[in-house]
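J.: File follows, query.txt with compact mmCIF, C-alpha atoms:
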```
# COMPACT_ATOMS: atom_id res chain seq x y z
CA MET A 1 110.28 105.65 109.47
CA THR A 2 112.38 107.86 111.70
CA PRO A 3 110.52 108.92 114.86
CA LEU A 4 109.75 112.59 115.33
CA LEU A 5 111.86 114.69 117.65
CA LYS A 6 110.42 115.31 121.12
CA GLU A 7 109.42 118.90 120.29
CA ASP A 8 107.75 117.88 117.03
CA SER A 9 105.96 115.02 118.77
CA TRP A 10 104.63 117.43 121.38
CA SER A 11 103.43 119.89 118.72
CA LEU A 12 101.65 117.16 116.74
CA PHE A 13 100.05 115.73 119.87
CA CYS A 14 98.83 119.18 120.98
CA LEU A 15 97.49 119.99 117.53
CA HIS A 16 95.20 116.96 117.64
CA ALA A 17 94.34 116.89 121.36
CA PHE A 18 94.02 120.64 122.04
CA ARG A 19 94.13 122.32 118.58
CA SER A 20 97.40 124.07 119.59
CA PRO A 21 100.25 123.82 122.13
CA SER A 22 99.06 127.11 123.61
CA ASN A 23 95.63 125.61 124.44
CA VAL A 24 96.89 122.92 126.83
CA PRO A 25 95.23 123.34 130.25
CA SER A 26 97.86 123.58 132.99
CA GLU A 27 96.32 120.67 134.93
CA LEU A 28 96.73 118.40 131.87
CA LYS A 29 100.14 119.52 130.61
CA ALA A 30 102.31 116.98 132.47
CA LEU A 31 99.91 114.12 131.65
CA ALA A 32 99.72 115.15 128.00
CA GLN A 33 103.52 115.38 127.76
CA SER A 34 103.90 111.92 129.28
CA MET A 35 101.29 110.54 126.89
CA ALA A 36 103.05 112.11 123.90
CA GLU A 37 106.36 110.59 125.03
CA GLN A 38 104.71 107.15 125.26
CA CYS A 39 103.90 107.41 121.53
CA GLN A 40 107.68 107.26 120.89
CA GLY A 41 107.66 109.84 118.11
CA LEU A 42 105.39 107.79 115.83
CA PRO A 43 103.14 110.27 113.98
CA LEU A 44 100.19 107.91 113.52
CA ALA A 45 100.24 106.89 117.19
CA LEU A 46 100.46 110.55 118.22
CA LYS A 47 97.46 111.48 116.05
CA VAL A 48 95.26 108.56 117.09
CA ILE A 49 95.95 108.85 120.82
CA ALA A 50 95.68 112.66 120.79
CA ARG A 51 92.39 112.63 118.91
CA ALA A 52 91.07 110.03 121.33
CA MET A 53 91.83 112.50 124.14
CA PHE A 54 90.34 115.54 122.41
CA GLY A 55 87.70 117.14 124.62
CA LYS A 56 88.60 115.07 127.66
CA THR A 57 89.16 117.33 130.65
CA SER A 58 89.35 115.11 133.73
CA PRO A 59 92.92 114.23 134.75
CA GLU A 60 91.83 111.53 137.21
CA LEU A 61 88.98 109.93 135.26
CA GLN A 62 90.16 110.26 131.67
CA TRP A 63 93.85 111.08 131.27
CA GLU A 64 95.52 109.10 134.07
CA PRO A 65 93.80 105.76 133.29
CA LEU A 66 94.75 105.93 129.61
CA LEU A 67 98.32 106.99 130.42
CA LYS A 68 98.57 104.00 132.76
CA LYS A 69 97.37 101.68 129.97
CA LEU A 70 99.88 103.21 127.57
CA ARG A 71 102.72 102.65 130.02
CA GLU A 72 101.61 99.08 130.69
CA SER A 73 101.58 98.36 126.98
CA HIS A 74 105.30 99.24 126.94
CA MET A 75 106.30 97.37 130.11
CA GLN A 76 106.06 93.86 128.81
CA GLU A 77 108.74 92.61 126.45
CA ARG A 78 107.24 92.78 122.97
CA ILE A 79 108.27 93.25 119.45
CA VAL A 80 108.01 96.84 118.24
CA GLU A 81 105.06 96.05 115.98
CA GLU A 82 102.93 94.65 118.79
CA GLU A 83 103.87 97.58 121.01
CA LEU A 84 102.64 99.95 118.30
CA TYR A 85 99.36 98.04 117.93
CA GLU A 86 98.78 98.03 121.69
CA GLY A 87 99.25 101.81 121.77
CA LEU A 88 96.90 102.37 118.82
CA LYS A 89 94.39 99.93 120.29
CA LEU A 90 93.85 102.35 123.17
CA GLY A 91 92.41 104.83 120.68
CA TYR A 92 90.24 102.02 119.30
CA ASP A 93 89.05 101.12 122.80
CA LEU A 94 87.76 104.69 123.26
CA LEU A 95 85.67 104.64 120.06
CA THR A 96 82.59 103.36 121.90
CA GLU A 97 82.29 106.62 123.79
CA ASP A 98 80.78 108.19 120.66
CA ASP A 99 78.89 105.27 119.17
CA TRP A 100 79.04 101.55 119.86
CA HIS A 101 78.96 100.82 116.12
CA LEU A 102 82.29 102.55 115.48
CA LYS A 103 84.43 99.61 116.60
CA ASP A 104 82.68 97.16 114.29
CA CYS A 105 82.72 99.66 111.43
CA PHE A 106 86.48 100.11 111.82
CA LEU A 107 87.12 96.36 111.97
CA TYR A 108 85.12 95.93 108.78
CA PHE A 109 87.95 97.64 106.89
CA ALA A 110 90.13 94.56 107.39
CA ALA A 111 88.06 92.98 104.62
CA PHE A 112 89.45 95.38 102.01
CA PRO A 113 92.75 94.78 100.23
CA GLU A 114 95.83 96.74 101.28
CA ASP A 115 96.28 100.12 99.55
CA CYS A 116 92.74 99.91 98.20
CA GLN A 117 90.71 103.05 97.72
CA ILE A 118 87.37 102.54 99.43
CA TYR A 119 84.20 104.27 98.28
CA PHE A 120 81.45 105.42 100.60
CA GLU A 121 78.82 104.07 98.19
CA ASP A 122 80.27 100.58 98.68
CA ILE A 123 81.04 100.55 102.40
CA HIS A 124 77.74 102.03 103.56
CA LYS A 125 75.76 99.28 101.81
CA HIS A 126 77.85 96.62 103.55
CA TRP A 127 77.44 98.33 106.93
CA ILE A 128 73.67 98.54 106.49
CA GLY A 129 73.51 94.90 105.39
CA GLU A 130 75.50 93.83 108.45
CA GLY A 131 73.26 95.83 110.79
CA LEU A 132 76.01 98.25 111.77
CA VAL A 133 73.90 101.24 110.75
CA PRO A 134 70.59 101.53 112.58
CA GLY A 135 67.40 102.25 110.69
CA ASN A 136 65.24 100.83 107.98
CA GLY A 137 67.19 101.82 104.88
CA GLY A 138 66.88 104.87 102.68
CA ASP A 139 68.45 108.27 103.10
CA ASP A 140 68.47 108.17 106.91
CA CYS A 141 70.67 105.06 106.91
CA ARG A 142 72.96 106.64 104.35
CA ALA A 143 73.31 109.75 106.51
CA ASP A 144 73.94 107.62 109.62
CA ALA A 145 76.62 105.64 107.77
CA PHE A 146 78.26 108.88 106.64
CA SER A 147 78.22 110.15 110.21
CA LEU A 148 80.00 106.98 111.40
CA LEU A 149 82.57 107.32 108.63
CA ASN A 150 83.14 110.96 109.54
CA LYS A 151 83.77 110.01 113.18
CA LEU A 152 86.36 107.44 112.12
CA TRP A 153 88.05 110.06 109.93
CA ARG A 154 88.07 112.67 112.73
CA GLN A 155 89.74 110.08 115.01
CA SER A 156 92.41 109.37 112.30
CA PHE A 157 91.31 105.79 111.73
CA ILE A 158 90.83 106.44 108.01
CA GLU A 159 92.49 108.90 105.64
CA SER A 160 90.96 111.14 103.03
CA GLU A 161 92.56 113.86 100.97
CA GLY A 162 90.89 117.16 101.64
CA GLY A 163 88.24 115.55 103.83
CA ASP A 164 86.37 114.08 100.83
CA LEU A 165 84.80 111.06 102.49
CA LEU A 166 83.15 109.76 99.35
CA ARG A 167 86.44 107.97 98.68
CA PHE A 168 89.10 107.29 101.24
CA ASN A 169 91.75 104.79 102.28
CA LEU A 170 93.12 103.07 105.31
CA HIS A 171 96.74 103.48 106.37
CA ASP A 172 98.48 100.10 106.19
CA VAL A 173 99.22 100.24 109.91
CA MET A 174 95.56 100.86 110.72
CA ARG A 175 94.50 97.93 108.53
CA ASP A 176 97.04 95.76 110.32
CA LEU A 177 95.65 97.08 113.62
CA ALA A 178 92.19 95.84 112.60
CA PHE A 179 93.64 92.37 111.94
CA TYR A 180 95.56 92.49 115.23
CA ILE A 181 92.38 93.34 117.16
CA LEU A 182 90.34 90.68 115.39
CA GLU A 183 92.88 88.01 116.21
CA LYS A 184 93.64 89.16 119.76
CA ASP A 185 90.16 90.01 120.99
CA CYS A 186 88.19 87.37 119.14
CA GLY A 187 90.74 84.55 119.31
CA THR A 188 90.27 83.36 115.77
CA PRO A 189 92.17 84.29 112.64
CA PRO A 190 90.58 87.29 110.91
CA ALA A 191 90.14 85.39 107.65
CA LYS A 192 87.76 82.98 109.40
CA GLN A 193 85.77 85.90 110.83
CA LEU A 194 85.59 87.77 107.54
CA TYR A 195 84.09 85.18 105.26
CA PHE A 196 84.32 87.48 102.25
CA TYR A 197 88.00 88.31 102.82
```
Show this structure as structure tokens.

T.:
Amino acid sequence: MTPLLKEDSWSLFCLHAFRSPSNVPSELKALAQSMAEQCQGLPLALKVIARAMFGKTSPELQWEPLLKKLRESHMQERIVEEELYEGLKLGYDLLTEDDWHLKDCFLYFAAFPEDCQIYFEDIHKHWIGEGLVPGNGGDDCRADAFSLLNKLWRQSFIESEGGDLLRFNLHDVMRDLAFYILEKDCGTPPAKQLYFY
């Protein structure tokens, strides 16, 4: 895939972080531009990082630390693929700010085959069975599972045409990211962690 031009990268980043390039607060503009540049014109990276920053207003406490991590992920000599995963992993690392279950729910998608359409009716039962959705079963658990799925969709971790979250899919890069995180953070091959894989 050819990377986006700088102007297009900036527009895409602003669309997902601020809803529009005209909504960028002046105190965040330079940081946001640097962050967009660190995504190297990769649309998925731009969307994930920008959505992770949506609603964050503190330059010192929120924007600067993540920008530093993004830059550090590029400093070491790495293959392009690992560099991409390290950048996307920053968005993953911020998932716990909404709900601590989100990280585990995202990693669960590594168990599904590539290019597979995933149905809410299937995934929510697995999540409940694994204890990723709090509650005692019934409609409340189903609603909680749907809420978690919706958060992952809003953060661009899953894709759904028209926002229909009853069936959705995972971009190949995001599925690979789940495998990358499982292997890097847990130290064992994902297949050993996902017994049903």

J.: Hey, what's within 8 Å of region 5-20 of chain A if we count all atoms listed in the file and toss same-chain stuff fewer than 5 positions away? As an NGL selection string, please?

T.: :A and (33 or 36-37 or 41-43 or 46-47 or 50-55)

J.: I'd like the interatomic distance between CA of Phe112 (chain A) and CA of Leu4 (chain A), to a tenth of an Å.

T.: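 Separating CA of Phe112 (chain A) from CA of Leu4 (chain A) is a distance of 29.8 Å.
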
J.: What separation in Å, quoted to one decimal, exists between CA of Phe157 (chain A) and CA of Met174 (chain A)?

T.: 6.6 Å

J.: Between A:His126, A:Lys89, A:Lys184, A:Arg154, which residue has the minimum interatomic distance to Lys69 (chain A), considering all atoms listed in the file?

T.: A:Lys89

J.: Excluding region 160-169 of chain A and residues on its chain fewer than 2 positions from it, collect all residues at most 7 Å away from it, counting only C-alpha atoms, and give them as a PyMOL selection string.

T.: chain A and resi 116-120+158+171

J.: How would the residues just chosen look if you wrote them out with C-alpha atoms as a PDB file, in the coordinates of the input?

T.:
```
ATOM      1  CA  CYS A 116      92.740  99.910  98.200  1.00  0.00           C
ATOM      2  CA  GLN A 117      90.710 103.050  97.720  1.00  0.00           C
ATOM      3  CA  ILE A 118      87.370 102.540  99.430  1.00  0.00           C
ATOM      4  CA  TYR A 119      84.200 104.270  98.280  1.00  0.00           C
ATOM      5  CA  PHE A 120      81.450 105.420 100.600  1.00  0.00           C
ATOM      6  CA  ILE A 158      90.830 106.440 108.010  1.00  0.00           C
ATOM      7  CA  HIS A 171      96.740 103.480 106.370  1.00  0.00           C
TER       8      HIS A 171
END
```

J.: Find the distance between CA of Gln40 (chain A) and CA of Phe109 (chain A) and write it in Å to one decimal.

T.: 26.0 Å

J.: Counting all atoms listed in the file, which residue out of A:Leu67, A:Ala178, A:Leu102, A:Ser26 sits closest to Ser147 (chain A)?

T.: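 Counting all atoms listed in the file, the residue closest to Ser147 (chain A) is A:Leu102.
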
J.: Choose the residue, out of A:Thr2, A:Thr57, A:Leu70, A:Leu44, that has the smallest atom-to-atom separation from Lys29 (chain A); count only C-alpha atoms.

T.: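 Using only C-alpha atoms, the shortest distance to Lys29 (chain A) belongs to A:Thr57.
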
J.: Fix up region 90-115 of chain A with N, CA and C atoms, then write it as a PDB file, in the coordinates of the input.

T.:
```pdb
ATOM      1  N   LEU A  90      94.467 101.514 122.135  1.00  0.00           N
ATOM      2  CA  LEU A  90      93.850 102.350 123.170  1.00  0.00           C
ATOM      3  C   LEU A  90      92.910 103.372 122.543  1.00  0.00           C
ATOM      4  N   GLY A  91      93.305 103.925 121.394  1.00  0.00           N
ATOM      5  CA  GLY A  91      92.410 104.830 120.680  1.00  0.00           C
ATOM      6  C   GLY A  91      91.167 104.093 120.191  1.00  0.00           C
ATOM      7  N   TYR A  92      91.357 102.865 119.729  1.00  0.00           N
ATOM      8  CA  TYR A  92      90.240 102.020 119.300  1.00  0.00           C
ATOM      9  C   TYR A  92      89.298 101.737 120.468  1.00  0.00           C
ATOM     10  N   ASP A  93      89.862 101.444 121.624  1.00  0.00           N
ATOM     11  CA  ASP A  93      89.050 101.120 122.800  1.00  0.00           C
ATOM     12  C   ASP A  93      88.143 102.288 123.202  1.00  0.00           C
ATOM     13  N   LEU A  94      88.559 103.510 122.895  1.00  0.00           N
ATOM     14  CA  LEU A  94      87.760 104.690 123.260  1.00  0.00           C
ATOM     15  C   LEU A  94      86.679 105.024 122.221  1.00  0.00           C
ATOM     16  N   LEU A  95      86.660 104.336 121.104  1.00  0.00           N
ATOM     17  CA  LEU A  95      85.670 104.640 120.060  1.00  0.00           C
ATOM     18  C   LEU A  95      84.234 104.506 120.551  1.00  0.00           C
ATOM     19  N   THR A  96      83.966 103.593 121.462  1.00  0.00           N
ATOM     20  CA  THR A  96      82.590 103.360 121.900  1.00  0.00           C
ATOM     21  C   THR A  96      81.997 104.540 122.659  1.00  0.00           C
ATOM     22  N   GLU A  97      82.832 105.465 123.079  1.00  0.00           N
ATOM     23  CA  GLU A  97      82.290 106.620 123.790  1.00  0.00           C
ATOM     24  C   GLU A  97      81.377 107.447 122.894  1.00  0.00           C
ATOM     25  N   ASP A  98      81.630 107.445 121.592  1.00  0.00           N
ATOM     26  CA  ASP A  98      80.780 108.190 120.660  1.00  0.00           C
ATOM     27  C   ASP A  98      79.617 107.347 120.159  1.00  0.00           C
ATOM     28  N   ASP A  99      79.904 106.120 119.779  1.00  0.00           N
ATOM     29  CA  ASP A  99      78.890 105.270 119.170  1.00  0.00           C
ATOM     30  C   ASP A  99      79.385 103.839 119.202  1.00  0.00           C
ATOM     31  N   TRP A 100      78.582 102.935 119.718  1.00  0.00           N
ATOM     32  CA  TRP A 100      79.040 101.550 119.860  1.00  0.00           C
ATOM     33  C   TRP A 100      79.288 100.876 118.524  1.00  0.00           C
ATOM     34  N   HIS A 101      78.744 101.411 117.440  1.00  0.00           N
ATOM     35  CA  HIS A 101      78.960 100.820 116.120  1.00  0.00           C
ATOM     36  C   HIS A 101      80.343 101.106 115.556  1.00  0.00           C
ATOM     37  N   LEU A 102      81.015 102.125 116.069  1.00  0.00           N
ATOM     38  CA  LEU A 102      82.290 102.550 115.480  1.00  0.00           C
ATOM     39  C   LEU A 102      83.340 101.448 115.476  1.00  0.00           C
ATOM     40  N   LYS A 103      83.418 100.672 116.540  1.00  0.00           N
ATOM     41  CA  LYS A 103      84.430  99.610 116.600  1.00  0.00           C
ATOM     42  C   LYS A 103      84.200  98.599 115.481  1.00  0.00           C
ATOM     43  N   ASP A 104      82.979  98.141 115.333  1.00  0.00           N
ATOM     44  CA  ASP A 104      82.680  97.160 114.290  1.00  0.00           C
ATOM     45  C   ASP A 104      82.890  97.753 112.898  1.00  0.00           C
ATOM     46  N   CYS A 105      82.522  99.013 112.735  1.00  0.00           N
ATOM     47  CA  CYS A 105      82.720  99.660 111.430  1.00  0.00           C
ATOM     48  C   CYS A 105      84.203  99.724 111.089  1.00  0.00           C
ATOM     49  N   PHE A 106      85.040 100.066 112.068  1.00  0.00           N
ATOM     50  CA  PHE A 106      86.480 100.110 111.820  1.00  0.00           C
ATOM     51  C   PHE A 106      87.009  98.721 111.464  1.00  0.00           C
ATOM     52  N   LEU A 107      86.631  97.709 112.227  1.00  0.00           N
ATOM     53  CA  LEU A 107      87.120  96.360 111.970  1.00  0.00           C
ATOM     54  C   LEU A 107      86.702  95.843 110.595  1.00  0.00           C
ATOM     55  N   TYR A 108      85.604  96.345 110.099  1.00  0.00           N
ATOM     56  CA  TYR A 108      85.120  95.930 108.780  1.00  0.00           C
ATOM     57  C   TYR A 108      86.130  96.238 107.683  1.00  0.00           C
ATOM     58  N   PHE A 109      86.969  97.259 107.899  1.00  0.00           N
ATOM     59  CA  PHE A 109      87.950  97.640 106.890  1.00  0.00           C
ATOM     60  C   PHE A 109      89.018  96.571 106.660  1.00  0.00           C
ATOM     61  N   ALA A 110      89.163  95.644 107.585  1.00  0.00           N
ATOM     62  CA  ALA A 110      90.130  94.560 107.390  1.00  0.00           C
ATOM     63  C   ALA A 110      89.762  93.713 106.178  1.00  0.00           C
ATOM     64  N   ALA A 111      88.524  93.777 105.752  1.00  0.00           N
ATOM     65  CA  ALA A 111      88.060  92.980 104.620  1.00  0.00           C
ATOM     66  C   ALA A 111      88.541  93.542 103.278  1.00  0.00           C
ATOM     67  N   PHE A 112      89.029  94.757 103.258  1.00  0.00           N
ATOM     68  CA  PHE A 112      89.450  95.380 102.010  1.00  0.00           C
ATOM     69  C   PHE A 112      90.940  95.162 101.778  1.00  0.00           C
ATOM     70  N   PRO A 113      91.331  95.002 100.525  1.00  0.00           N
ATOM     71  CA  PRO A 113      92.750  94.780 100.230  1.00  0.00           C
ATOM     72  C   PRO A 113      93.613  95.979 100.649  1.00  0.00           C
ATOM     73  N   GLU A 114      94.872  95.696 100.907  1.00  0.00           N
ATOM     74  CA  GLU A 114      95.830  96.740 101.280  1.00  0.00           C
ATOM     75  C   GLU A 114      95.948  97.752 100.142  1.00  0.00           C
ATOM     76  N   ASP A 115      96.109  99.015 100.503  1.00  0.00           N
ATOM     77  CA  ASP A 115      96.280 100.120  99.550  1.00  0.00           C
ATOM     78  C   ASP A 115      95.097 100.282  98.602  1.00  0.00           C
TER      79      ASP A 115
END
```
